[in-house]
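Okay, so here's the structure we're looking at.
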Amino acid sequence: MFTFTSITQYHNNLLNGTTTCVEAVQHYLDNIGRKSSLNAFVEVYEKEALQSASFLDSERLAGKSIMPLHGVVVALKDVICYQNHTVTAGSHILNSFSSLYSATAVERLLQAGAIIIGRNNCDEFAMGSTNENSAYGPVQNAADITKVPGGSSGGSAVAVQAEMCMVSLGSDTGGSVRQPADWCGIVGLKPGYGRISRYGLIAYASSFDQIGIFSKNLYDAAKVLEVIAGEDAYDSTVSSEKVLPYNLLMQQRNEQTRPLKIAYFKEALEHPGLDSEIANAFHSYVAKLRSQGHRVEAVDFPLLQYVVPAYYVLTTAEASSNLSRYDGVKYGYRAHLAAQDDLTSLYKKSRSEGFGKEVKRRILLGTFVLSAGYYDAYFSKAQQVRRLLVEQNDQIFERYAAILSPTVPSTAFTIGEKRNNPVEMYLADIYTVYANLVGIPGVSLPLFQHSNGLPFGMQVMMPQFKEAELLVLSNYLMQLNQQ
Ligand code: GLN
């Protein structure tokens, strides 16, 4: 029987002949079929995946060497373009829209030998924290099917959690990779802004969006990152900062010999919305770190109360502009028109019928905060908050190597529980939006189990472009927890 623990182990098995890519793909296809009620996939590329697998197997038989992601079975969130495949951002408005090109990340995955197995369910246009805002219906958390998996990349998280692929790509604008990873008990890595090209990623809020990686372990996330990261002529916001051999560095620097200085935000741990068991687990973990000689300090961070409002003002403003292109003319869904309807009613009807409730709420909010009379009161203010956050962040990292926090203040919600309470729902983002506001990398590590039976994690953040250090430190933090 096929078993998967890591890409390296899988490659060893390919090399010593104990498995094949076809066997791997068949294993995941079987799991996808058996677990279809979780609703993690909206489309499965069964035939294609098997074909690529047998092609990869035959190449190896013909003596070709193994590629970095040879036969690695990957799933894609339904916001990442894959040429000649449907992509809908979980929305009716992109009904049966087919991608004209592949995202740079997808192109690089394929070139490295990966096999794309299917398209994952997600919140419409990546707006949500529970995957309930999807035109395809909610996704179930495999740890407890009455619970949501988190969002917006819920399907991609469950696909890895429930062994329906080896790794998956999601997108993280305010936590959409780290938060579902936390609720599903897996690794969720959001690299810093500008690390991975956004070309071919359907835009939600362009100055926040970043492709992220779900995996069962940190080494696999590192392997995928080194393939998909780096400069791209199609996205000028990608940095030319060198992409490092993250996986190798993790192996080489597997010992934490120096004592570290680590910060956490005092206000984050004092927040009334934080589950007490999560707070206790965090404090016990901090005590463990201190007992190893590390300095872990609480820093005052009064700006915490502004991060969620600033995030929602700025992202909805960007979204209202980004989503104006879906007008019933260029893409996907077009409303039926009556004889008297003109072009304006075509736009209005197509958008009213095509977009879901949460997306409409955000377009309205974003248009409002950008409107002439309110621009200064909301949009400019939020930008000023963002600037202050960046300054404070720089100051914190002058003194500390990393910032720790819980990833989410609670464990997974019950399906339907928060559907009518957007403000409570937005609070689930309180610890994750910070990294997107200031552009730094963050990862959620699957460390803990709640007495309610659900998993939860811890978030580690480091300065921009310190993904290598982030992965090395995270590896240490994971090992420390097992001691
Ligand atoms: N939950 C957040 C939101 O609804 C984050 C979404 C994301 O990262 N795409 O906006």
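Letters for chains follow the order of the structure tokens (A, B, ...), residue numbers begin at 1 for each chain, and ligand numbers begin at 1 in the order shown.
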
Closest contacts (chain A/ligand 1, max 8 Å, only C-alpha atoms and all ligand atoms) as a Markdown table:
```
| residue | atom | partner | partner_atom_place_in_ligand_line | distance |
| --- | --- | --- | --- | --- |
| A:Phe125 | CA | ligand 1 | 9 (N) | 7.7 |
| A:Ala126 | CA | ligand 1 | 9 (N) | 4.3 |
| A:Met127 | CA | ligand 1 | 4 (O) | 4.1 |
| A:Gly128 | CA | ligand 1 | 4 (O) | 3.4 |
| A:Ser129 | CA | ligand 1 | 1 (N) | 4.0 |
| A:Thr130 | CA | ligand 1 | 1 (N) | 7.8 |
| A:Gly151 | CA | ligand 1 | 1 (N) | 6.2 |
| A:Ser152 | CA | ligand 1 | 9 (N) | 5.4 |
| A:Ser153 | CA | ligand 1 | 9 (N) | 7.4 |
| A:Ser171 | CA | ligand 1 | 9 (N) | 6.1 |
| A:Asp172 | CA | ligand 1 | 8 (O) | 3.9 |
| A:Thr173 | CA | ligand 1 | 8 (O) | 3.4 |
| A:Gly174 | CA | ligand 1 | 8 (O) | 3.6 |
| A:Gly175 | CA | ligand 1 | 8 (O) | 4.2 |
| A:Ser176 | CA | ligand 1 | 8 (O) | 3.5 |
| A:Val177 | CA | ligand 1 | 8 (O) | 6.8 |
| A:Tyr204 | CA | ligand 1 | 9 (N) | 7.3 |
| A:Asp209 | CA | ligand 1 | 9 (N) | 7.2 |
| A:Tyr312 | CA | ligand 1 | 10 (O) | 7.1 |
| A:Thr315 | CA | ligand 1 | 10 (O) | 7.4 |
| A:Met425 | CA | ligand 1 | 1 (N) | 7.8 |
| A:Tyr426 | CA | ligand 1 | 1 (N) | 6.4 |
| A:Ala428 | CA | ligand 1 | 1 (N) | 7.2 |
| A:Asp429 | CA | ligand 1 | 1 (N) | 5.7 |
| A:Val433 | CA | ligand 1 | 5 (C) | 7.3 |
```

If we count only C-alpha atoms and set the cut-off at 12 Å, which residues sit around Leu480 (chain A), ignoring sequence neighbours fewer than 5 positions away in its own chain? Please answer as a list in words. Asn254, Glu255, Gln256, Tyr285, Val286, Ala287, Lys288, Leu289, Arg290, Ser291, Gln292, Leu447, Leu473, Ser474 and Asn475 of chain A

May I have the selected residues written with all heavy atoms, as a short mmCIF file (atom, residue, chain, number, x, y, z; two decimals), in the first residue's frame?
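Output file part13.cif is given in full below:
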```
data_model
loop_
_atom_site.label_atom_id
_atom_site.label_comp_id
_atom_site.auth_asym_id
_atom_site.auth_seq_id
_atom_site.Cartn_x
_atom_site.Cartn_y
_atom_site.Cartn_z
N ASN A 254 20.09 22.06 11.56
CA ASN A 254 19.06 21.39 12.34
C ASN A 254 19.25 21.55 13.85
O ASN A 254 18.45 21.09 14.64
CB ASN A 254 19.02 19.91 11.93
CG ASN A 254 17.72 19.28 12.34
OD1 ASN A 254 16.78 19.99 12.71
ND2 ASN A 254 17.66 17.97 12.30
N GLU A 255 20.32 22.22 14.25
CA GLU A 255 20.60 22.40 15.68
C GLU A 255 20.40 23.85 16.04
O GLU A 255 20.85 24.73 15.31
CB GLU A 255 22.06 22.06 15.96
CG GLU A 255 22.44 20.65 15.64
CD GLU A 255 22.25 19.76 16.84
OE1 GLU A 255 22.88 20.05 17.87
OE2 GLU A 255 21.47 18.78 16.74
N GLN A 256 19.74 24.12 17.14
CA GLN A 256 19.63 25.51 17.59
C GLN A 256 20.65 25.71 18.69
O GLN A 256 20.41 25.35 19.84
CB GLN A 256 18.20 25.78 18.09
CG GLN A 256 17.94 27.22 18.46
CD GLN A 256 18.12 28.17 17.28
OE1 GLN A 256 17.60 27.95 16.21
NE2 GLN A 256 18.88 29.23 17.49
N TYR A 285 4.22 26.63 26.20
CA TYR A 285 5.25 26.48 25.18
C TYR A 285 6.36 27.51 25.38
O TYR A 285 7.55 27.20 25.27
CB TYR A 285 4.63 26.60 23.77
CG TYR A 285 5.63 26.23 22.71
CD1 TYR A 285 5.76 24.91 22.29
CD2 TYR A 285 6.48 27.18 22.18
CE1 TYR A 285 6.72 24.55 21.37
CE2 TYR A 285 7.44 26.83 21.25
CZ TYR A 285 7.56 25.52 20.84
OH TYR A 285 8.51 25.17 19.93
N VAL A 286 5.94 28.75 25.68
CA VAL A 286 6.92 29.82 25.93
C VAL A 286 7.81 29.43 27.12
O VAL A 286 9.03 29.64 27.09
CB VAL A 286 6.18 31.16 26.17
CG1 VAL A 286 7.10 32.20 26.81
CG2 VAL A 286 5.64 31.69 24.84
N ALA A 287 7.22 28.85 28.15
CA ALA A 287 8.00 28.43 29.32
C ALA A 287 9.05 27.39 28.90
O ALA A 287 10.19 27.42 29.37
CB ALA A 287 7.06 27.86 30.38
N LYS A 288 8.65 26.50 28.03
CA LYS A 288 9.57 25.48 27.54
C LYS A 288 10.75 26.13 26.80
O LYS A 288 11.91 25.75 26.98
CB LYS A 288 8.80 24.58 26.57
CG LYS A 288 9.34 23.20 26.43
CD LYS A 288 8.38 22.39 25.60
CE LYS A 288 8.41 20.94 25.98
NZ LYS A 288 7.44 20.14 25.26
N LEU A 289 10.43 27.11 25.97
CA LEU A 289 11.48 27.82 25.24
C LEU A 289 12.45 28.49 26.21
O LEU A 289 13.66 28.45 26.04
CB LEU A 289 10.87 28.89 24.34
CG LEU A 289 10.47 28.47 22.93
CD1 LEU A 289 9.70 29.60 22.25
CD2 LEU A 289 11.71 28.14 22.09
N ARG A 290 11.86 29.11 27.24
CA ARG A 290 12.72 29.80 28.24
C ARG A 290 13.60 28.80 28.96
O ARG A 290 14.76 29.07 29.23
CB ARG A 290 11.84 30.56 29.23
CG ARG A 290 11.23 31.80 28.62
CD ARG A 290 10.40 32.57 29.64
NE ARG A 290 9.85 33.77 29.04
CZ ARG A 290 8.62 34.23 29.27
NH1 ARG A 290 7.81 33.58 30.10
NH2 ARG A 290 8.20 35.33 28.69
N SER A 291 13.05 27.63 29.24
CA SER A 291 13.84 26.63 29.96
C SER A 291 15.02 26.14 29.11
O SER A 291 15.98 25.58 29.62
CB SER A 291 12.96 25.45 30.39
OG SER A 291 12.66 24.67 29.25
N GLN A 292 14.94 26.39 27.81
CA GLN A 292 16.06 26.03 26.92
C GLN A 292 17.07 27.17 26.79
O GLN A 292 17.96 27.12 25.94
CB GLN A 292 15.54 25.70 25.52
CG GLN A 292 14.59 24.51 25.45
CD GLN A 292 15.29 23.21 25.78
OE1 GLN A 292 16.34 22.91 25.23
NE2 GLN A 292 14.72 22.44 26.70
N LEU A 447 0.96 22.17 16.28
CA LEU A 447 1.63 21.73 17.51
C LEU A 447 0.70 21.14 18.56
O LEU A 447 1.11 20.31 19.35
CB LEU A 447 2.37 22.92 18.15
CG LEU A 447 3.61 23.44 17.43
CD1 LEU A 447 4.19 24.63 18.17
CD2 LEU A 447 4.67 22.36 17.31
N LEU A 473 14.04 27.88 12.04
CA LEU A 473 13.54 28.06 13.41
C LEU A 473 12.29 27.20 13.65
O LEU A 473 12.15 26.56 14.69
CB LEU A 473 13.23 29.55 13.65
CG LEU A 473 12.55 29.85 14.98
CD1 LEU A 473 13.45 29.52 16.16
CD2 LEU A 473 12.12 31.33 15.07
N SER A 474 11.39 27.19 12.67
CA SER A 474 10.15 26.43 12.83
C SER A 474 10.44 24.95 13.04
O SER A 474 9.77 24.28 13.82
CB SER A 474 9.26 26.60 11.60
OG SER A 474 8.93 27.95 11.45
N ASN A 475 11.44 24.48 12.33
CA ASN A 475 11.83 23.08 12.47
C ASN A 475 12.27 22.79 13.91
O ASN A 475 11.87 21.78 14.52
CB ASN A 475 12.99 22.82 11.50
CG ASN A 475 13.13 21.37 11.14
OD1 ASN A 475 12.18 20.61 11.28
ND2 ASN A 475 14.30 20.98 10.70
#
```

Within 9 Å of Gly366 (chain A), counting only C-alpha atoms, which residues show up once you throw out same-chain ones fewer than 5 positions away? Write them as a PDB file with all heavy atoms, in the first residue's frame, please.
```pdb
ATOM      1  N   TYR A 312      -9.462  45.309   6.815  1.00  0.00           N
ATOM      2  CA  TYR A 312     -10.727  45.245   6.079  1.00  0.00           C
ATOM      3  C   TYR A 312     -11.005  46.516   5.280  1.00  0.00           C
ATOM      4  O   TYR A 312     -11.663  46.461   4.236  1.00  0.00           O
ATOM      5  CB  TYR A 312     -11.900  44.852   7.002  1.00  0.00           C
ATOM      6  CG  TYR A 312     -11.939  43.337   7.134  1.00  0.00           C
ATOM      7  CD1 TYR A 312     -11.326  42.683   8.191  1.00  0.00           C
ATOM      8  CD2 TYR A 312     -12.505  42.551   6.132  1.00  0.00           C
ATOM      9  CE1 TYR A 312     -11.301  41.299   8.271  1.00  0.00           C
ATOM     10  CE2 TYR A 312     -12.491  41.170   6.197  1.00  0.00           C
ATOM     11  CZ  TYR A 312     -11.883  40.547   7.264  1.00  0.00           C
ATOM     12  OH  TYR A 312     -11.859  39.183   7.313  1.00  0.00           O
ATOM     13  N   VAL A 313     -10.506  47.647   5.719  1.00  0.00           N
ATOM     14  CA  VAL A 313     -10.667  48.874   4.914  1.00  0.00           C
ATOM     15  C   VAL A 313      -9.802  48.763   3.648  1.00  0.00           C
ATOM     16  O   VAL A 313     -10.276  48.969   2.523  1.00  0.00           O
ATOM     17  CB  VAL A 313     -10.286  50.127   5.738  1.00  0.00           C
ATOM     18  CG1 VAL A 313     -10.174  51.346   4.826  1.00  0.00           C
ATOM     19  CG2 VAL A 313     -11.314  50.394   6.838  1.00  0.00           C
ATOM     20  N   LEU A 314      -8.551  48.400   3.824  1.00  0.00           N
ATOM     21  CA  LEU A 314      -7.627  48.395   2.679  1.00  0.00           C
ATOM     22  C   LEU A 314      -7.928  47.263   1.695  1.00  0.00           C
ATOM     23  O   LEU A 314      -7.904  47.482   0.482  1.00  0.00           O
ATOM     24  CB  LEU A 314      -6.180  48.296   3.168  1.00  0.00           C
ATOM     25  CG  LEU A 314      -5.687  49.508   3.971  1.00  0.00           C
ATOM     26  CD1 LEU A 314      -4.304  49.232   4.565  1.00  0.00           C
ATOM     27  CD2 LEU A 314      -5.637  50.766   3.105  1.00  0.00           C
ATOM     28  N   THR A 315      -8.225  46.078   2.228  1.00  0.00           N
ATOM     29  CA  THR A 315      -8.455  44.960   1.286  1.00  0.00           C
ATOM     30  C   THR A 315      -9.771  45.130   0.537  1.00  0.00           C
ATOM     31  O   THR A 315      -9.858  44.790  -0.644  1.00  0.00           O
ATOM     32  CB  THR A 315      -8.449  43.581   1.988  1.00  0.00           C
ATOM     33  OG1 THR A 315      -9.377  43.608   3.064  1.00  0.00           O
ATOM     34  CG2 THR A 315      -7.067  43.219   2.485  1.00  0.00           C
ATOM     35  N   THR A 316     -10.795  45.663   1.209  1.00  0.00           N
ATOM     36  CA  THR A 316     -12.063  45.834   0.477  1.00  0.00           C
ATOM     37  C   THR A 316     -11.895  46.933  -0.578  1.00  0.00           C
ATOM     38  O   THR A 316     -12.461  46.834  -1.664  1.00  0.00           O
ATOM     39  CB  THR A 316     -13.241  46.150   1.424  1.00  0.00           C
ATOM     40  OG1 THR A 316     -12.909  47.288   2.228  1.00  0.00           O
ATOM     41  CG2 THR A 316     -13.582  44.970   2.313  1.00  0.00           C
ATOM     42  N   ALA A 317     -11.103  47.969  -0.255  1.00  0.00           N
ATOM     43  CA  ALA A 317     -10.850  49.023  -1.251  1.00  0.00           C
ATOM     44  C   ALA A 317     -10.170  48.418  -2.479  1.00  0.00           C
ATOM     45  O   ALA A 317     -10.593  48.641  -3.620  1.00  0.00           O
ATOM     46  CB  ALA A 317      -9.974  50.117  -0.639  1.00  0.00           C
ATOM     47  N   GLU A 318      -9.138  47.627  -2.249  1.00  0.00           N
ATOM     48  CA  GLU A 318      -8.427  47.015  -3.381  1.00  0.00           C
ATOM     49  C   GLU A 318      -9.331  46.036  -4.132  1.00  0.00           C
ATOM     50  O   GLU A 318      -9.310  45.951  -5.351  1.00  0.00           O
ATOM     51  CB  GLU A 318      -7.150  46.322  -2.894  1.00  0.00           C
ATOM     52  CG  GLU A 318      -6.103  47.317  -2.416  1.00  0.00           C
ATOM     53  CD  GLU A 318      -4.752  46.664  -2.105  1.00  0.00           C
ATOM     54  OE1 GLU A 318      -4.432  45.600  -2.661  1.00  0.00           O
ATOM     55  OE2 GLU A 318      -3.998  47.242  -1.292  1.00  0.00           O
ATOM     56  N   ALA A 319     -10.149  45.304  -3.357  1.00  0.00           N
ATOM     57  CA  ALA A 319     -11.040  44.321  -3.988  1.00  0.00           C
ATOM     58  C   ALA A 319     -12.079  45.021  -4.861  1.00  0.00           C
ATOM     59  O   ALA A 319     -12.403  44.542  -5.953  1.00  0.00           O
ATOM     60  CB  ALA A 319     -11.729  43.470  -2.925  1.00  0.00           C
ATOM     61  N   SER A 320     -12.588  46.162  -4.403  1.00  0.00           N
ATOM     62  CA  SER A 320     -13.638  46.827  -5.190  1.00  0.00           C
ATOM     63  C   SER A 320     -13.095  47.226  -6.560  1.00  0.00           C
ATOM     64  O   SER A 320     -13.815  47.209  -7.552  1.00  0.00           O
ATOM     65  CB  SER A 320     -14.203  48.033  -4.433  1.00  0.00           C
ATOM     66  OG  SER A 320     -13.258  49.085  -4.413  1.00  0.00           O
ATOM     67  N   SER A 321     -11.817  47.540  -6.594  1.00  0.00           N
ATOM     68  CA  SER A 321     -11.206  47.879  -7.874  1.00  0.00           C
ATOM     69  C   SER A 321     -10.877  46.605  -8.670  1.00  0.00           C
ATOM     70  O   SER A 321     -11.224  46.473  -9.840  1.00  0.00           O
ATOM     71  CB  SER A 321      -9.958  48.722  -7.583  1.00  0.00           C
ATOM     72  OG  SER A 321      -9.050  48.636  -8.619  1.00  0.00           O
ATOM     73  N   ARG A 361     -20.859  42.474  -0.181  1.00  0.00           N
ATOM     74  CA  ARG A 361     -20.651  43.302   1.013  1.00  0.00           C
ATOM     75  C   ARG A 361     -19.295  44.007   0.923  1.00  0.00           C
ATOM     76  O   ARG A 361     -19.168  45.187   1.206  1.00  0.00           O
ATOM     77  CB  ARG A 361     -20.710  42.419   2.258  1.00  0.00           C
ATOM     78  CG  ARG A 361     -20.414  43.200   3.502  1.00  0.00           C
ATOM     79  CD  ARG A 361     -20.594  42.514   4.855  1.00  0.00           C
ATOM     80  NE  ARG A 361     -20.716  41.091   4.887  1.00  0.00           N
ATOM     81  CZ  ARG A 361     -21.764  40.435   5.393  1.00  0.00           C
ATOM     82  NH1 ARG A 361     -22.782  41.093   5.877  1.00  0.00           N
ATOM     83  NH2 ARG A 361     -21.786  39.127   5.409  1.00  0.00           N
ATOM     84  N   SER A 371     -14.813  56.417  -1.547  1.00  0.00           N
ATOM     85  CA  SER A 371     -15.633  57.489  -2.125  1.00  0.00           C
ATOM     86  C   SER A 371     -15.147  58.849  -1.625  1.00  0.00           C
ATOM     87  O   SER A 371     -14.583  58.965  -0.524  1.00  0.00           O
ATOM     88  CB  SER A 371     -17.106  57.271  -1.789  1.00  0.00           C
ATOM     89  OG  SER A 371     -17.263  57.269  -0.394  1.00  0.00           O
ATOM     90  N   PHE A 379      -9.912  55.337   4.123  1.00  0.00           N
ATOM     91  CA  PHE A 379      -8.810  54.760   3.340  1.00  0.00           C
ATOM     92  C   PHE A 379      -7.458  55.350   3.743  1.00  0.00           C
ATOM     93  O   PHE A 379      -6.520  54.615   4.049  1.00  0.00           O
ATOM     94  CB  PHE A 379      -9.073  54.943   1.840  1.00  0.00           C
ATOM     95  CG  PHE A 379      -8.058  54.242   0.984  1.00  0.00           C
ATOM     96  CD1 PHE A 379      -8.037  52.852   0.902  1.00  0.00           C
ATOM     97  CD2 PHE A 379      -7.099  54.951   0.277  1.00  0.00           C
ATOM     98  CE1 PHE A 379      -7.090  52.187   0.132  1.00  0.00           C
ATOM     99  CE2 PHE A 379      -6.149  54.300  -0.502  1.00  0.00           C
ATOM    100  CZ  PHE A 379      -6.156  52.917  -0.568  1.00  0.00           C
TER     101      PHE A 379
END
```

Near Ser444 (chain A), within 7 Å and counting only C-alpha atoms, which residues show up once chain neighbours fewer than 4 positions away are dropped, as a PyMOL selection string? chain A and resi 178+181-182+187-189+407+457-460

Residues just named, written with N, CA and C atoms as a JSON list (two decimals), in the first residue's frame:
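File produced: result32.json:
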```json
[["chain", "number", "residue", "atom", "x", "y", "z"],
["A", 178, "ARG", "N", -2.55, 30.19, 6.64],
["A", 178, "ARG", "CA", -2.19, 29.86, 8.02],
["A", 178, "ARG", "C", -3.40, 29.47, 8.87],
["A", 181, "ALA", "N", -4.76, 26.01, 7.98],
["A", 181, "ALA", "CA", -3.73, 25.04, 8.38],
["A", 181, "ALA", "C", -3.85, 24.81, 9.89],
["A", 182, "ASP", "N", -4.05, 25.88, 10.64],
["A", 182, "ASP", "CA", -4.22, 25.80, 12.09],
["A", 182, "ASP", "C", -5.41, 24.90, 12.43],
["A", 187, "VAL", "N", 0.82, 22.04, 8.25],
["A", 187, "VAL", "CA", 1.69, 23.20, 8.09],
["A", 187, "VAL", "C", 1.08, 24.14, 7.03],
["A", 188, "GLY", "N", 1.07, 25.43, 7.33],
["A", 188, "GLY", "CA", 0.62, 26.43, 6.34],
["A", 188, "GLY", "C", 1.62, 27.56, 6.29],
["A", 189, "LEU", "N", 2.30, 27.69, 5.16],
["A", 189, "LEU", "CA", 3.35, 28.70, 5.02],
["A", 189, "LEU", "C", 2.92, 29.83, 4.10],
["A", 407, "THR", "N", -2.11, 31.07, 16.17],
["A", 407, "THR", "CA", -2.46, 31.42, 14.78],
["A", 407, "THR", "C", -3.86, 32.00, 14.72],
["A", 457, "GLY", "N", -2.63, 25.42, 16.22],
["A", 457, "GLY", "CA", -1.19, 25.60, 16.00],
["A", 457, "GLY", "C", -0.64, 26.85, 16.62],
["A", 458, "MET", "N", 0.56, 27.15, 16.21],
["A", 458, "MET", "CA", 1.22, 28.37, 16.66],
["A", 458, "MET", "C", 1.81, 29.05, 15.43],
["A", 459, "GLN", "N", 1.75, 30.38, 15.46],
["A", 459, "GLN", "CA", 2.28, 31.12, 14.31],
["A", 459, "GLN", "C", 3.67, 31.68, 14.62],
["A", 460, "VAL", "N", 4.56, 31.57, 13.64],
["A", 460, "VAL", "CA", 5.89, 32.14, 13.76],
["A", 460, "VAL", "C", 6.06, 33.14, 12.62]]
```

Please provide the set of residues having any atom within 12 Å of Ser58 (chain A), restricted to only C-alpha atoms, with same-chain residues fewer than 5 positions apart removed, written as a ChimeraX atom specification. /A:14,20-22,51-53,63-66,71

Determine which residues of region 392-476 of chain A DSSP labels as helix (DSSP H, G or I) from the backbone of this structure, then write them out as a PyMOL selection string. chain A and resi 392-399+422-427+433-438+467-476

Name the closest residue to Gln479 (chain A) among the candidates A:Lys349, A:Leu218, A:Asp275, A:Tyr193; distances are taken between atoms, counting only C-alpha atoms. A:Leu218

So that I can see what lies close to region 293-301 of chain A, please list as a CSV table (one decimal) with N, CA and C atoms, in the first residue's frame the residues with an atom at most 8 Å from it, counting only C-alpha atoms and leaving out residues fewer than 6 positions away in the same chain.
```
chain,number,residue,atom,x,y,z
A,259,PRO,N,21.2,31.0,21.9
A,259,PRO,CA,20.0,31.4,22.5
A,259,PRO,C,19.3,32.5,21.7
A,260,LEU,N,18.0,32.4,21.6
A,260,LEU,CA,17.2,33.3,20.7
A,260,LEU,C,16.5,34.4,21.5
A,261,LYS,N,16.2,35.5,20.9
A,261,LYS,CA,15.3,36.5,21.5
A,261,LYS,C,14.1,36.6,20.6
A,262,ILE,N,13.0,36.2,21.3
A,262,ILE,CA,11.7,36.1,20.6
A,262,ILE,C,10.7,37.0,21.3
A,263,ALA,N,9.8,37.6,20.5
A,263,ALA,CA,8.8,38.5,21.0
A,263,ALA,C,7.4,37.9,20.9
A,264,TYR,N,6.5,38.2,21.7
A,264,TYR,CA,5.1,38.0,21.4
A,264,TYR,C,4.3,39.3,21.9
A,265,PHE,N,3.2,39.5,21.2
A,265,PHE,CA,2.4,40.8,21.5
A,265,PHE,C,1.6,40.6,22.8
A,266,LYS,N,1.9,41.4,23.8
A,266,LYS,CA,1.2,41.3,25.1
A,266,LYS,C,-0.4,41.3,24.8
A,267,GLU,N,-0.8,42.3,24.0
A,267,GLU,CA,-2.2,42.5,23.8
A,267,GLU,C,-2.8,41.2,23.1
A,286,VAL,N,5.9,28.7,25.7
A,286,VAL,CA,6.9,29.8,25.9
A,286,VAL,C,7.8,29.4,27.1
```

Smallest atom-to-atom distance to Phe4 (chain A): which of A:Val167, A:Cys81, A:Ile115, A:Val106, using only C-alpha atoms?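 Closest to Phe4 (chain A) of all the choices is A:Val167.
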
Would you mind telling me which residue in A:Gly200, A:Pro309, A:Pro455, A:Gly356 lies nearest to Gln161 (chain A) when using only C-alpha atoms?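 Closest residue, counting only C-alpha atoms: A:Pro455.
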
How would you write, as a PyMOL selection string, the set of residues in region 114-349 of chain A that DSSP gives as strand (DSSP E or B)? chain A and resi 115-120+141+144+147+167-171+187-190+196+201+211-215+229+261-265+295-299

Using only C-alpha atoms, pick whichever of A:Leu110, A:Leu76, A:Leu471, A:Met166 has the shortest atom-to-atom distance to Ile211 (chain A).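 Result for the nearest residue to Ile211 (chain A): A:Leu76.
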
Go ahead and compute the interatomic distance for CA of Met478 (chain A) and CA of Asn217 (chain A), in Å to one decimal.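 So the two atoms, CA of Met478 (chain A) and CA of Asn217 (chain A), lie 9.7 Å apart.
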
Would you mind telling me which residue in A:Lys466, A:His336, A:Arg198, A:Lys418 lies nearest to Tyr246 (chain A) when using only C-alpha atoms?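 Closest to Tyr246 (chain A), using only C-alpha atoms: A:Lys466.
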
Selection: 12 Å around Thr344 (chain A), only C-alpha atoms, excl. self and same-chain fewer than 6 positions, as a list in words: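 Contacts, in chain order: Asp327, Gly328, Val329, Ala335, Leu337, Ser350 and Arg351 of chain A.
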
Write a file of the selected residues as an mmCIF file, in the first residue's frame, keeping all heavy atoms.
```cif
data_model
loop_
_atom_site.group_PDB
_atom_site.id
_atom_site.type_symbol
_atom_site.label_atom_id
_atom_site.label_comp_id
_atom_site.auth_asym_id
_atom_site.auth_seq_id
_atom_site.Cartn_x
_atom_site.Cartn_y
_atom_site.Cartn_z
ATOM 1 N N ASP A 327 -17.800 41.965 -15.274
ATOM 2 C CA ASP A 327 -18.934 42.815 -15.618
ATOM 3 C C ASP A 327 -19.931 42.126 -16.542
ATOM 4 O O ASP A 327 -20.823 42.747 -17.092
ATOM 5 C CB ASP A 327 -18.418 44.110 -16.260
ATOM 6 C CG ASP A 327 -17.516 43.825 -17.467
ATOM 7 O OD1 ASP A 327 -17.434 42.645 -17.884
ATOM 8 O OD2 ASP A 327 -16.896 44.776 -17.976
ATOM 9 N N GLY A 328 -19.754 40.837 -16.753
ATOM 10 C CA GLY A 328 -20.676 40.114 -17.636
ATOM 11 C C GLY A 328 -20.268 40.201 -19.104
ATOM 12 O O GLY A 328 -20.879 39.584 -19.962
ATOM 13 N N VAL A 329 -19.234 40.971 -19.400
ATOM 14 C CA VAL A 329 -18.812 41.117 -20.789
ATOM 15 C C VAL A 329 -17.581 40.263 -21.067
ATOM 16 O O VAL A 329 -17.564 39.439 -21.977
ATOM 17 C CB VAL A 329 -18.504 42.603 -21.126
ATOM 18 C CG1 VAL A 329 -17.987 42.739 -22.551
ATOM 19 C CG2 VAL A 329 -19.749 43.447 -20.918
ATOM 20 N N ALA A 335 -25.801 37.830 -17.378
ATOM 21 C CA ALA A 335 -27.231 37.743 -17.064
ATOM 22 C C ALA A 335 -28.054 37.751 -18.360
ATOM 23 O O ALA A 335 -27.613 38.286 -19.371
ATOM 24 C CB ALA A 335 -27.626 38.923 -16.184
ATOM 25 N N LEU A 337 -30.885 39.184 -20.590
ATOM 26 C CA LEU A 337 -31.387 40.561 -20.666
ATOM 27 C C LEU A 337 -32.772 40.612 -21.295
ATOM 28 O O LEU A 337 -33.101 39.812 -22.177
ATOM 29 C CB LEU A 337 -30.434 41.412 -21.498
ATOM 30 C CG LEU A 337 -29.037 41.628 -20.920
ATOM 31 C CD1 LEU A 337 -28.258 42.602 -21.764
ATOM 32 C CD2 LEU A 337 -29.128 42.149 -19.487
ATOM 33 N N SER A 350 -25.617 41.248 -14.213
ATOM 34 C CA SER A 350 -24.604 40.182 -14.186
ATOM 35 C C SER A 350 -23.886 40.178 -12.844
ATOM 36 O O SER A 350 -23.664 39.122 -12.249
ATOM 37 C CB SER A 350 -23.577 40.368 -15.306
ATOM 38 O OG SER A 350 -24.223 40.359 -16.547
ATOM 39 N N ARG A 351 -23.552 41.351 -12.351
ATOM 40 C CA ARG A 351 -22.831 41.425 -11.072
ATOM 41 C C ARG A 351 -23.738 41.067 -9.903
ATOM 42 O O ARG A 351 -23.314 40.383 -8.964
ATOM 43 C CB ARG A 351 -22.210 42.819 -10.893
ATOM 44 C CG ARG A 351 -20.997 43.022 -11.801
ATOM 45 C CD ARG A 351 -20.522 44.454 -11.867
ATOM 46 N NE ARG A 351 -19.947 44.970 -10.633
ATOM 47 C CZ ARG A 351 -18.691 44.773 -10.222
ATOM 48 N NH1 ARG A 351 -17.882 44.045 -10.953
ATOM 49 N NH2 ARG A 351 -18.245 45.299 -9.103
#
```
